[in-house]
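Structure data (mmCIF, C-alpha atoms and all ligand atoms) from work-v5.cif:
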data_data
loop_
_atom_site.label_atom_id
_atom_site.label_comp_id
_atom_site.auth_asym_id
_atom_site.auth_seq_id
_atom_site.Cartn_x
_atom_site.Cartn_y
_atom_site.Cartn_z
CA MET J 19 150.25 118.47 164.03
CA ALA J 20 148.37 117.79 167.24
CA ARG J 21 146.55 114.71 168.44
CA PHE J 22 143.27 114.46 170.38
CA THR J 23 142.56 111.04 171.88
CA LEU J 24 139.61 109.81 173.96
CA PRO J 25 138.17 106.39 174.82
CA ARG J 26 136.17 104.78 172.01
CA ASP J 27 133.07 104.63 174.23
CA ILE J 28 132.02 106.59 177.30
CA TYR J 29 128.90 105.23 178.99
CA HIS J 30 127.42 107.70 181.46
CA GLY J 31 124.41 108.26 183.67
CA LYS J 32 122.70 106.10 186.27
CA GLY J 33 122.78 102.44 185.30
CA ALA J 34 125.77 102.90 182.97
CA LEU J 35 127.49 100.03 184.78
CA GLU J 36 125.22 97.65 182.87
CA ALA J 37 127.17 98.53 179.71
CA LEU J 38 129.59 95.83 180.88
CA LYS J 39 127.07 93.32 179.52
CA THR J 40 127.88 94.52 176.01
CA LEU J 41 131.65 93.88 176.14
CA GLU J 42 132.77 91.08 173.86
CA GLY J 43 135.44 88.69 175.03
CA THR J 44 136.15 85.47 176.88
CA HIS J 45 138.20 86.41 179.97
CA ALA J 46 137.98 89.56 182.09
CA ILE J 47 140.21 90.43 185.02
CA VAL J 48 138.72 92.95 187.44
CA VAL J 49 141.24 95.18 189.25
CA VAL J 50 139.97 96.81 192.44
CA GLY J 51 141.24 98.66 195.53
CA GLY J 52 140.76 98.40 199.25
CA GLY J 53 137.20 97.24 199.69
CA SER J 54 134.64 100.04 199.40
CA MET J 55 133.55 98.85 195.95
CA LYS J 56 133.10 95.36 197.40
CA ARG J 57 131.30 96.67 200.49
CA PHE J 58 128.81 98.69 198.46
CA GLY J 59 128.13 95.70 196.18
CA PHE J 60 129.58 97.22 192.99
CA LEU J 61 132.31 94.59 192.60
CA ASP J 62 129.72 91.79 192.62
CA LYS J 63 127.63 93.65 190.05
CA VAL J 64 130.67 94.13 187.79
CA CYS J 65 131.48 90.42 187.87
CA GLN J 66 127.84 89.47 187.36
CA TYR J 67 127.46 91.73 184.29
CA LEU J 68 130.70 90.42 182.79
CA GLN J 69 129.53 86.85 183.31
CA GLU J 70 126.24 87.77 181.65
CA ALA J 71 128.37 88.91 178.71
CA GLY J 72 129.69 85.34 178.59
CA MET J 73 133.08 86.01 180.14
CA GLU J 74 135.00 84.11 182.74
CA THR J 75 136.08 86.57 185.44
CA ARG J 76 138.88 86.82 187.97
CA VAL J 77 139.33 89.54 190.60
CA PHE J 78 142.66 91.15 191.51
CA GLU J 79 142.01 93.05 194.72
CA GLY J 80 143.89 95.12 197.25
CA VAL J 81 145.49 97.84 195.11
CA GLU J 82 146.69 100.40 197.67
CA PRO J 83 146.42 104.20 197.42
CA ASP J 84 149.49 105.47 195.50
CA PRO J 85 150.01 102.00 193.97
CA SER J 86 153.47 100.44 194.14
CA VAL J 87 155.73 98.81 191.56
CA GLU J 88 155.28 95.50 193.44
CA THR J 89 151.49 95.64 193.12
CA VAL J 90 151.81 96.36 189.41
CA MET J 91 154.14 93.37 188.96
CA ARG J 92 151.82 91.04 190.92
CA GLY J 93 148.88 92.19 188.82
CA ALA J 94 150.76 91.67 185.57
CA GLU J 95 151.70 88.17 186.74
CA ALA J 96 148.05 87.38 187.54
CA MET J 97 147.15 88.58 184.04
CA ARG J 98 149.82 86.45 182.36
CA GLU J 99 148.42 83.45 184.21
CA PHE J 100 144.73 84.20 183.43
CA GLN J 101 145.23 85.63 179.90
CA PRO J 102 142.34 88.15 179.96
CA ASP J 103 141.18 89.88 176.80
CA TRP J 104 139.53 92.56 178.95
CA ILE J 105 141.04 94.45 181.88
CA VAL J 106 138.29 96.10 183.92
CA ALA J 107 139.53 98.52 186.60
CA ILE J 108 137.12 99.91 189.16
CA GLY J 109 137.62 102.41 192.00
CA GLY J 110 139.36 105.70 192.77
CA GLY J 111 142.35 106.76 190.72
CA SER J 112 144.69 104.16 192.22
CA PRO J 113 143.31 100.81 191.00
CA ILE J 114 142.77 102.28 187.52
CA ASP J 115 146.28 103.75 187.40
CA ALA J 116 147.77 100.46 188.64
CA ALA J 117 145.78 98.45 186.08
CA LYS J 118 147.08 100.67 183.26
CA ALA J 119 150.67 99.81 184.22
CA MET J 120 149.81 96.11 184.74
CA TRP J 121 148.43 96.12 181.20
CA ALA J 122 151.79 97.27 179.80
CA PHE J 123 153.72 94.60 181.74
CA TYR J 124 151.15 91.94 180.82
CA GLU J 125 151.66 92.62 177.12
CA TYR J 126 155.39 93.41 177.42
CA PRO J 127 156.86 91.43 180.37
CA HIS J 128 160.40 92.60 179.58
CA THR J 129 159.74 96.34 179.53
CA THR J 130 160.91 98.51 182.47
CA PHE J 131 159.52 101.51 184.33
CA GLU J 132 162.52 103.50 183.11
CA GLN J 133 161.42 102.85 179.53
CA LEU J 134 157.73 103.48 180.23
CA CYS J 135 158.57 106.78 181.95
CA ILE J 136 159.75 108.42 178.75
CA PRO J 137 156.66 110.44 177.75
CA PHE J 138 154.72 109.10 174.77
CA ASN J 139 157.11 106.20 174.23
CA PHE J 140 154.92 103.19 175.11
CA PRO J 141 154.99 99.99 173.09
CA LYS J 142 151.77 99.36 171.15
CA LEU J 143 149.12 97.98 173.51
CA ARG J 144 145.92 95.98 172.73
CA THR J 145 147.82 93.02 171.34
CA LYS J 146 146.29 90.92 174.16
CA ALA J 147 143.63 92.93 175.97
CA ARG J 148 141.44 95.99 175.90
CA PHE J 149 140.81 98.24 178.88
CA CYS J 150 137.64 99.40 180.62
CA ALA J 151 137.80 101.93 183.49
CA ILE J 152 135.04 102.62 186.03
CA PRO J 153 135.76 105.56 188.39
CA SER J 154 134.25 105.78 191.88
CA THR J 155 135.58 109.25 192.70
CA SER J 156 134.92 112.49 190.84
CA GLY J 157 138.32 114.00 190.24
CA THR J 158 141.29 112.25 188.64
CA ALA J 159 139.39 111.31 185.45
CA THR J 160 141.95 108.57 184.88
CA GLU J 161 139.11 106.68 183.10
CA VAL J 162 139.63 108.96 180.09
CA THR J 163 143.26 110.08 180.39
CA ALA J 164 146.60 108.99 178.99
CA PHE J 165 148.21 109.10 182.45
CA SER J 166 149.07 106.87 185.39
CA VAL J 167 151.29 107.39 188.42
CA ILE J 168 153.13 104.46 190.03
CA THR J 169 155.36 104.75 193.12
CA ASP J 170 158.67 102.95 193.66
CA TYR J 171 158.81 103.00 197.47
CA GLN J 172 162.29 101.44 197.59
CA LYS J 173 163.82 104.11 195.41
CA GLY J 174 161.44 106.81 196.72
CA VAL J 175 160.45 107.81 193.17
CA LYS J 176 157.13 108.37 191.44
CA TYR J 177 156.90 107.21 187.85
CA PRO J 178 154.51 109.42 185.89
CA LEU J 179 153.44 107.39 182.86
CA ALA J 180 152.02 109.32 179.90
CA ASP J 181 150.99 107.80 176.59
CA PHE J 182 147.80 107.63 174.50
CA ASN J 183 148.24 103.83 174.44
CA ILE J 184 146.97 103.80 178.04
CA THR J 185 143.91 105.91 177.33
CA PRO J 186 141.18 103.35 178.12
CA ASP J 187 138.98 101.84 175.38
CA VAL J 188 135.81 102.12 177.43
CA ALA J 189 134.97 104.44 180.33
CA ILE J 190 131.89 103.85 182.46
CA VAL J 191 130.94 107.02 184.33
CA ASP J 192 128.10 105.84 186.55
CA PRO J 193 127.21 108.40 189.25
CA ALA J 194 125.90 105.72 191.63
CA LEU J 195 129.51 104.87 192.47
CA ALA J 196 130.43 108.48 193.30
CA GLU J 197 127.52 108.77 195.70
CA THR J 198 129.51 106.63 198.14
CA MET J 199 132.28 109.26 198.52
CA PRO J 200 132.80 110.77 201.98
CA LYS J 201 132.52 114.58 202.30
CA LYS J 202 136.20 115.48 202.44
CA LEU J 203 137.05 113.26 199.47
CA THR J 204 134.25 114.97 197.53
CA ALA J 205 135.80 118.39 198.20
CA HIS J 206 139.37 117.38 197.41
CA THR J 207 138.66 115.39 194.26
CA GLY J 208 136.27 118.09 193.06
CA MET J 209 138.89 120.81 193.34
CA ASP J 210 141.39 118.50 191.62
CA ALA J 211 138.94 118.42 188.70
CA MET J 212 138.55 122.21 188.82
CA THR J 213 142.34 122.55 188.67
CA HIS J 214 142.51 120.14 185.71
CA ALA J 215 140.00 122.23 183.78
CA ILE J 216 141.56 125.63 184.56
CA GLU J 217 145.12 124.45 183.89
CA ALA J 218 144.00 122.85 180.61
CA TYR J 219 142.21 126.04 179.55
CA VAL J 220 145.36 128.19 179.88
CA SER J 221 147.90 125.48 178.93
CA THR J 222 150.28 126.26 176.08
CA LEU J 223 148.84 123.15 174.36
CA HIS J 224 145.16 124.10 174.66
CA CYS J 225 143.26 123.97 171.37
CA ASP J 226 139.79 124.23 169.83
CA TYR J 227 139.12 120.61 170.81
CA THR J 228 140.03 121.01 174.49
CA ASP J 229 138.71 124.55 175.20
CA PRO J 230 134.96 123.81 175.20
CA LEU J 231 135.43 120.74 177.40
CA ALA J 232 137.53 122.69 179.91
CA LEU J 233 135.22 125.70 180.00
CA HIS J 234 132.05 123.65 180.39
CA ALA J 235 133.66 121.57 183.13
CA ILE J 236 134.61 124.76 185.02
CA LYS J 237 131.02 126.03 184.79
CA MET J 238 129.58 122.72 186.02
CA ILE J 239 132.06 122.36 188.89
CA SER J 240 131.41 125.97 189.91
CA ALA J 241 127.69 125.32 189.98
CA ASP J 242 127.69 121.88 191.62
CA LEU J 243 130.72 121.13 193.76
CA VAL J 244 129.66 122.96 196.93
CA ASP J 245 126.17 121.42 196.80
CA SER J 246 127.67 117.99 196.15
CA PHE J 247 129.93 118.48 199.19
CA ASN J 248 126.84 119.36 201.24
CA GLY J 249 125.10 116.12 200.27
CA ASP J 250 123.00 117.10 197.22
CA MET J 251 123.12 113.85 195.24
CA ALA J 252 121.81 115.37 191.98
CA ALA J 253 124.78 117.77 192.12
CA ARG J 254 127.06 114.83 193.00
CA ASP J 255 125.85 113.01 189.88
CA ARG J 256 126.58 116.01 187.64
CA MET J 257 130.04 116.39 189.20
CA HIS J 258 130.87 112.87 187.99
CA ASN J 259 130.34 114.03 184.40
CA ALA J 260 132.04 117.39 184.97
CA GLN J 261 135.26 115.80 186.22
CA CYS J 262 135.23 113.48 183.19
CA LEU J 263 134.94 116.45 180.79
CA ALA J 264 137.84 118.11 182.62
CA GLY J 265 139.80 114.87 182.12
CA MET J 266 139.13 114.82 178.38
CA ALA J 267 140.47 118.38 178.21
CA PHE J 268 143.64 117.89 180.25
CA SER J 269 144.53 114.49 178.82
CA ASN J 270 145.01 116.34 175.53
CA ALA J 271 145.99 119.89 176.61
CA LEU J 272 148.11 118.79 179.59
CA LEU J 273 148.41 120.75 182.85
CA GLY J 274 150.54 123.42 184.54
CA ILE J 275 152.54 124.29 187.64
CA VAL J 276 149.72 123.83 190.18
CA HIS J 277 150.18 120.14 189.47
CA SER J 278 153.99 120.41 189.43
CA MET J 279 153.83 121.89 192.93
CA ALA J 280 151.24 119.41 194.22
CA HIS J 281 153.31 116.48 192.90
CA LYS J 282 156.52 117.59 194.54
CA THR J 283 155.14 118.83 197.88
CA GLY J 284 152.77 115.85 198.26
CA ALA J 285 155.13 113.45 200.02
CA ALA J 286 158.04 115.79 200.86
CA TYR J 287 157.43 116.39 204.57
CA THR J 288 157.63 114.17 207.64
CA GLY J 289 154.42 115.63 209.19
CA GLY J 290 152.26 113.85 206.61
CA HIS J 291 151.19 113.83 202.98
CA ILE J 292 149.49 116.85 201.48
CA VAL J 293 146.51 115.25 199.71
CA HIS J 294 146.67 115.88 195.94
CA GLY J 295 143.32 117.62 195.46
CA CYS J 296 143.70 119.74 198.58
CA ALA J 297 147.19 120.83 197.52
CA ASN J 298 145.81 121.87 194.12
CA ALA J 299 142.96 123.79 195.72
CA MET J 300 145.35 125.75 197.97
CA TYR J 301 147.91 126.51 195.23
CA LEU J 302 145.51 127.33 192.37
CA PRO J 303 144.69 130.96 193.35
CA LYS J 304 148.41 131.71 193.89
CA VAL J 305 149.44 130.19 190.55
CA ILE J 306 146.70 132.10 188.72
CA GLN J 307 148.08 135.29 190.24
CA PHE J 308 151.60 134.34 189.09
CA ASN J 309 150.54 133.28 185.58
CA SER J 310 148.45 136.41 185.04
CA LYS J 311 151.65 138.40 184.43
CA ASN J 312 151.50 136.65 181.07
CA ALA J 313 149.05 138.77 179.04
CA GLU J 314 147.49 135.84 177.16
CA ALA J 315 146.92 133.84 180.34
CA ASP J 316 145.46 136.94 182.01
CA ARG J 317 143.03 137.33 179.12
CA ARG J 318 141.99 133.67 179.30
CA TYR J 319 141.41 133.78 183.08
CA GLY J 320 139.16 136.76 182.32
CA GLU J 321 137.26 134.61 179.79
CA ILE J 322 136.74 131.94 182.43
CA ALA J 323 135.46 134.56 184.90
CA ALA J 324 133.08 135.95 182.27
CA SER J 325 131.72 132.48 181.49
CA LEU J 326 130.89 132.14 185.19
CA GLY J 327 128.94 135.40 185.09
CA LEU J 328 131.64 137.25 187.04
CA GLU J 329 133.46 140.47 186.20
CA PRO J 330 135.78 139.36 183.33
CA THR J 331 139.05 139.64 185.27
CA THR J 332 141.68 137.36 186.78
CA GLY J 333 140.98 138.97 190.17
CA ALA J 334 137.32 137.99 190.05
CA LEU J 335 138.23 134.38 189.22
CA ILE J 336 140.70 134.22 192.12
CA ALA J 337 138.11 135.62 194.55
CA HIS J 338 135.57 133.07 193.31
CA LEU J 339 137.96 130.12 193.81
CA LYS J 340 138.95 131.31 197.29
CA ALA J 341 135.28 131.54 198.24
CA MET J 342 134.71 128.00 196.96
CA ASN J 343 137.65 126.70 199.01
CA GLU J 344 136.21 128.31 202.11
CA LYS J 345 132.81 126.68 201.59
CA LEU J 346 134.57 123.33 201.03
CA GLU J 347 136.50 123.70 204.31
CA ILE J 348 139.82 123.74 202.45
CA PRO J 349 142.55 125.81 204.17
CA SER J 350 144.00 128.80 202.34
CA CYS J 351 147.65 127.80 202.86
CA ILE J 352 150.02 124.95 203.73
CA ARG J 353 150.69 126.38 207.21
CA ASP J 354 147.04 125.77 208.13
CA TYR J 355 146.83 122.32 206.46
CA GLU J 356 145.40 119.67 208.82
CA GLY J 357 145.99 121.80 211.92
CA GLY J 358 149.58 122.65 211.00
CA ILE J 359 151.17 119.23 210.41
CA ILE J 360 153.66 120.65 207.88
CA ASP J 361 156.45 122.05 210.04
CA GLU J 362 157.64 125.55 209.10
CA ALA J 363 161.37 124.90 209.70
CA GLU J 364 161.26 121.69 207.64
CA PHE J 365 159.32 123.45 204.86
CA LEU J 366 161.94 126.23 204.67
CA GLU J 367 164.85 123.82 204.85
CA LYS J 368 163.53 121.74 201.95
CA LEU J 369 162.30 124.73 199.94
CA PRO J 370 165.22 125.00 197.44
CA THR J 371 165.11 121.26 196.68
CA VAL J 372 161.33 121.08 196.37
CA ALA J 373 161.33 124.20 194.16
CA GLU J 374 163.96 122.70 191.87
CA LEU J 375 162.02 119.42 191.61
CA ALA J 376 158.75 121.24 190.91
CA VAL J 377 160.34 123.20 188.05
CA GLY J 378 161.55 119.86 186.63
CA ASP J 379 158.10 118.23 186.88
CA ALA J 380 156.51 117.02 183.63
CA CYS J 381 153.60 119.47 184.07
CA THR J 382 155.79 122.60 184.05
CA GLY J 383 156.40 122.52 180.29
CA SER J 384 152.80 123.41 179.36
CA ASN J 385 152.36 126.17 181.96
CA PRO J 386 151.57 129.51 180.28
CA ARG J 387 154.34 131.40 182.09
CA ALA J 388 157.93 130.11 182.41
CA ILE J 389 159.30 129.86 185.95
CA THR J 390 162.81 129.72 187.46
CA PRO J 391 163.68 127.71 190.59
CA ASP J 392 164.03 131.01 192.54
CA GLU J 393 160.58 132.17 191.48
CA MET J 394 159.18 128.73 192.28
CA ALA J 395 160.64 128.95 195.81
CA LYS J 396 158.98 132.36 196.27
CA LEU J 397 155.69 131.03 194.94
CA LEU J 398 155.78 128.04 197.27
CA LYS J 399 156.46 130.42 200.17
CA CYS J 400 153.33 132.36 199.20
CA CYS J 401 151.45 129.04 199.33
CA TYR J 402 152.84 128.28 202.79
CA TYR J 403 152.06 131.65 204.41
CA ASP J 404 149.13 132.77 202.19
CA LEU J 405 151.02 135.81 200.85
CA GLU J 406 150.19 137.95 197.84
CA VAL J 407 152.04 136.91 194.66
CA ASP J 408 153.51 140.19 193.37
CA PHE J 409 156.35 139.05 191.12
FE FE K 1 145.19 116.14 189.44
#

Spit out the file's structure as structure tokens when you get a sec.
Amino acid sequence: MARFTLPRDIYHGKGALEALKTLEGTHAIVVVGGGSMKRFGFLDKVCQYLQEAGMETRVFEGVEPDPSVETVMRGAEAMREFQPDWIVAIGGGSPIDAAKAMWAFYEYPHTTFEQLCIPFNFPKLRTKARFCAIPSTSGTATEVTAFSVITDYQKGVKYPLADFNITPDVAIVDPALAETMPKKLTAHTGMDAMTHAIEAYVSTLHCDYTDPLALHAIKMISADLVDSFNGDMAARDRMHNAQCLAGMAFSNALLGIVHSMAHKTGAAYTGGHIVHGCANAMYLPKVIQFNSKNAEADRRYGEIAASLGLEPTTGALIAHLKAMNEKLEIPSCIRDYEGGIIDEAEFLEKLPTVAELAVGDACTGSNPRAITPDEMAKLLKCCYYDLEVDF
């Protein structure tokens, strides 16, 4: 038996934000990040629409990028005090991810991150509140997924939470919010979405329900991401839908080792973080090369290439993705990332540990080809130096 879960309602298109007026409840808490949503006037609009729906509103602001355990606990406390029956999260992935965890601690104050971390082991939510997510970036698709990532900075651990209980009830995919994204963020989040769709399409858990979503998302991202990056707002609007379709696919089909590698290299080096979407974009062509030794994966990469009007081969898909990266000003390897901030000696020193951790990542299990820590170390080396993957 398999399960396919999506939000009950997805409002999309320009003006979708007004759907907030149709929510039924008495108290809504609005969870938001650093300030861009406030600056561009979207936060005010959200509160106004909720008030028009007859709700009392309260704002919880200041969720940081890579939200912390402390922020989650403060948010849950604010919710226990205000007793909302709607949680409305607006912004990039972080405020929405944080609000998902706050929701669990609001309804179950005595649960722990250790308990929530066990995949698909959440307590039953919606005993107090329902959840509405409004994304402002076009990539993570957390508005439709069963995932959230919270960081414990004291312990230096990331808690990946995964459970269909935290799939939102309502997603509002209004492209007006995504039009505020700066150029680089557009490129990185867009390639994150591309990676979601491609990994979902070849995942061991892909199925008839996820395949069409993944394939259509790949086609749309292929057609629109570069133009969106270059300021074409009609393309930007379509990208907001494309990333959401990719999210519906991967929330149900799960991901693969591109994400395992991006998760474990992201904060591993003293030179700086490797931004999630950029890491995915750099590793994706290498991982496709590695996975294509599996005949079924090779065949499915060929299907993707064919659907893009390319020669139906893995090689053609890889060439296409590399060309996209170049147009998006994304480097081809870690060595060239941000002018070389990831030190070679440190990378090599940490390689065995990072490789081991990446193999143990939750996303490795659904990758189409199994991988050993030794192979992972070799693959990561290929990603550092931009080498051919021939094993
Ligand atoms: Fe991702």

Using only C-alpha atoms and all ligand atoms, what are the residues with an atom within 12 Å of ligand FE 1 (chain K), set out as a ChimeraX atom specification? /J:111,156-160,163,165-167,206-218,261,264-265,268-269,272-281,284,293-299,302,381

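Separating atom CA of J:Glu125 from atom CA of J:Ile47 is a distance of 14.1 Å.
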
Compile the contact shell of stretch 129-144 of chain J as number ranges by chain: residues with an atom at most 12 Å away, counting all atoms listed in the file, same-chain residues fewer than 2 positions apart removed. J: 21, 86-88, 90-91, 94, 102-105, 118-127, 146-150, 164-170, 175-187, 380-381

Report, in Å with one decimal, the straight-line distance from atom CA of J:Val377 to atom CA of J:Asp404. 20.4 Å

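Between atom CA of J:Tyr301 and atom CA of J:Asp226 the separation is 26.8 Å.
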
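Proximity to J:Glu36 was assessed for J:Glu95, J:Asp192, J:Asp408, J:Ser112 counting all atoms listed in the file; the smallest distance is recorded for J:Asp192.
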